[in-house]
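Presented below is the structure to which this report refers.
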Amino acid sequence: MQQNLHPKIIKELEKIVGSDYLFLDEETRNHYGHDETEDYVFPPNVVLKPANSKEVSEIIKVANTHKIPVTPIGARTGLSGGALSIHQGIGLAMDRFNKILEIDERNLQVSVEPAVITQVLREAVAEKGLFYPPDPSSQGSCWIGGNVAENAGGARAVKYGVTKDYVLNLEIVLPTGEIIWTGANTLKNSTGYNFTQLLVGSEGTLGVITKIVLKLIPAVSHNILLLVPFYKASQACEAVSAIFRAGIIPSALEFMERDAIDWSLKFIDGLNIQIKDEVQAHLLIEVDGNYPDILFQEAEKITSVLEQYEIDEILFADTDDQKNALWKMRRNVAEAVKANSIYKEEDTVVPRYELPKLLEGIKIIGKKYGFQSVCYGHAGDGNLHVNIIKGTMSNENWNTEVTKGIREIFELTVSLKGTLSGEHGIGYVQKNYMNIAFTKTHLELMERIKSVFDPNNILNPGKIFPDVE
């Protein structure tokens, strides 16, 4: 499907966006040809930066007429290659869609364009006493549009849910160029098929998102944060389910292996957290609400659960500075791992009670194929990020043995009634593992849906679906 674009088509596209927003130079194409997925670079033939839905529609109509691949490109913070222009064509950079359109305090909703940074949105609604909970680790740089495309989660998904739980309505441009709204700005909607939720998590394969209406909730005023050191990583995983069975729903419950914390502490200047040599893992646990007395009772109940395990002294973060330092340590784990070694990151998720089996199995598979793994993630959701480290592995083993190991990790995950991705999506790098999670019938149904929306397969082709053998 790769192709060079005819000069007449380039001229046609230039008329739509203007010469200042059409880029053919190698530097710009390379810049928009990569995300945070390993070291992949797939430059599009041309980068376009439309200003509004109408321009997106006109671009898509040209692409559909000439059967040119179009890849929607957001902040490029993704970890599954969803924004890579693997078939070249048009890189549709959404940078100019960067406005918060309205914060509706009466209905607790916000209308926003897709290029608004997630943290900027969260802070803007917080000033109104409102709360948008999804908080992926990259919230300071990722965009709301990408969060919707991948159904992003974050640390507080365990209590508040993921992106899909807050999306009420979407304006999208279909692969044939029509502009539609997918639903209604209502909290309930039982009117026909749910196009809105179909688009959430569809990774830019069904439509280009141009406006988003999100639900908000009232902000809470207090939280308590605990850092709990475990002498056995397996017991840290066991404790996760035990906390919920005790009747507590934390606002965050994060797992970090020892290497994850050590590398993060080395990566971030100014963090001073002392960890005994015998400690293998930590849980970072937060409870939140509006009534401090109730939160202290919940923290005491969590402590009583944790005392059943082999733990070191629990650290209670007393100040906002301490809390921010602990969250900074957790949110920078991925960057710290990346700074230490070439790596591959998998995004496994299982029912939370199965976490100990998943962690144990990952380590056994690593020994079998000769790779080290560093695990961390949103344990309260059963969502474990598995960073496979190249270290001193030969290039041959890295390219062959690791792939076999990843397949076994996914097979283990599915056998535990889990699935391939909790929040990073499938994109380019995981698509050939989809037959582990889905039957031929499942995949055929998905492909039929894709063909109804996108009969010429122009929108983000080569993603999600396995390569034809």
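In the structure tokens, the first chain shown is A, the next is B, and so on; residue numbers restart at 1 for each chain, and ligands run from 1 in the order shown.
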
Exercise. Using DSSP on the backbone coordinates, identify the residues of range 85-263 of chain A assigned to strand (DSSP E or B); present them as a PyMOL selection string.
Key: chain A and resi 90-93+100-104+109-112+117+130-131+135+143+154+167-173+179-181+208-215+217-218+222-230+252-257

Quiz item: Do you know which residues are at most 10 Å from Thr348 in chain A counting only C-alpha atoms, after dropping those on the same chain fewer than 4 positions away, and could you put them as a PyMOL selection string?
Solution: chain A and resi 358+377+382-386+409-410+412-414+418-424

Quiz item: Any idea what's packed within 7 Å of Gly153 in chain A, counting only C-alpha atoms, ignoring anything in its chain fewer than 5 positions away? Could you give it as a list in words?
Solution: Pro134, Asp135, Pro136, Val162, Thr163 and Glu423 of chain A

Quiz item: Could you pull out all residues of range 2-116 of chain A with a DSSP call of alpha helix (DSSP H) and give them as number ranges by chain?
Solution: A: 7-17, 26-31, 53-66

Exercise. Select, from A:Asn399, A:Asn272, A:Asn340, A:Ser141, the residue with the minimum atom-to-atom distance to Gly74 in chain A, counting only C-alpha atoms.
Key: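 Going through A:Asn399, A:Asn272, A:Asn340, A:Ser141 one by one, the smallest distance to Gly74 in chain A is for A:Ser141.
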
Quiz item: Looking at A:Asn290, A:Ser373, A:Gln280, A:Asn151, which one is nearest to Ala219 in chain A, with distances taken over only C-alpha atoms?
Solution: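 Closest to Ala219 in chain A, using only C-alpha atoms: A:Asn290.
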
Exercise. Fewer than 4 positions away in the same chain doesn't count, so skip those; otherwise give me all residues within 8 Å of Gly78 in chain A, counting only C-alpha atoms, as an NGL selection string.
Key: :A and (35-37 or 82-83 or 146 or 424)

Practice problem: Considering only C-alpha atoms, return as a list of chain:residue names whatever protein or nucleic-acid residues lie within 12 Å of Tyr428 in chain A, sequence-local ones (same chain, fewer than 6 positions apart) excluded. | Solution: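 Result of the neighbour search: A:His34, A:Asp35, A:Thr37, A:Glu38, A:Tyr40, A:Val41, A:Phe42, A:Gly78, A:Leu79, A:Ser80, A:Gly81, A:Gly82, A:Ala83, A:Leu84, A:Ser85, A:Ile86, A:His87, A:Glu203, A:Thr205, A:Met434, A:Asn460, A:Pro461, A:Gly462, A:Lys463, A:Ile464, A:Phe465, A:Pro466, A:Asp467.
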
Practice problem: Have a look at A:Gly192, A:Gly154, A:Gly380, A:Gly140 and name the one nearest to Leu283 in chain A; count only C-alpha atoms. | Solution: A:Gly380

Self-check item: Proximity to Leu306 in chain A - best of A:Lys164, A:His282, A:Lys61, A:Arg76, only C-alpha atoms
Solution: A:His282

Quiz item: Of the candidates A:Leu108, A:Leu271, A:Cys142, A:Ala126, which shows the shortest atom-to-atom distance to Lys215 in chain A, using only C-alpha atoms?
Solution: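 Using only C-alpha atoms, the shortest distance to Lys215 in chain A belongs to A:Leu108.
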
Quiz item: Could you pull the residues within 7 Å of Pro72 in chain A, counting only C-alpha atoms, minus those fewer than 4 positions along the same chain, as a PyMOL selection string?
Solution: chain A and resi 83+91-93+204+208+460

Practice problem: For Ser241 in chain A, please output as number ranges by chain all residues within 8 Å (counting only C-alpha atoms; exclusion window: fewer than 2 positions along the same chain). | Solution: A: 237-239, 243-245, 352-353, 380

Practice problem: Using CA of Val220 in chain A and CA of Gly289 in chain A as the two end points, give the distance in Å to one decimal. | Solution: 5.3 Å

Exercise. Quote the spacing between CA of Gly145 in chain A and CA of Ala63 in chain A in Å to one decimal place.
Key: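 One can read the CA of Gly145 in chain A to CA of Ala63 in chain A distance as 21.4 Å.
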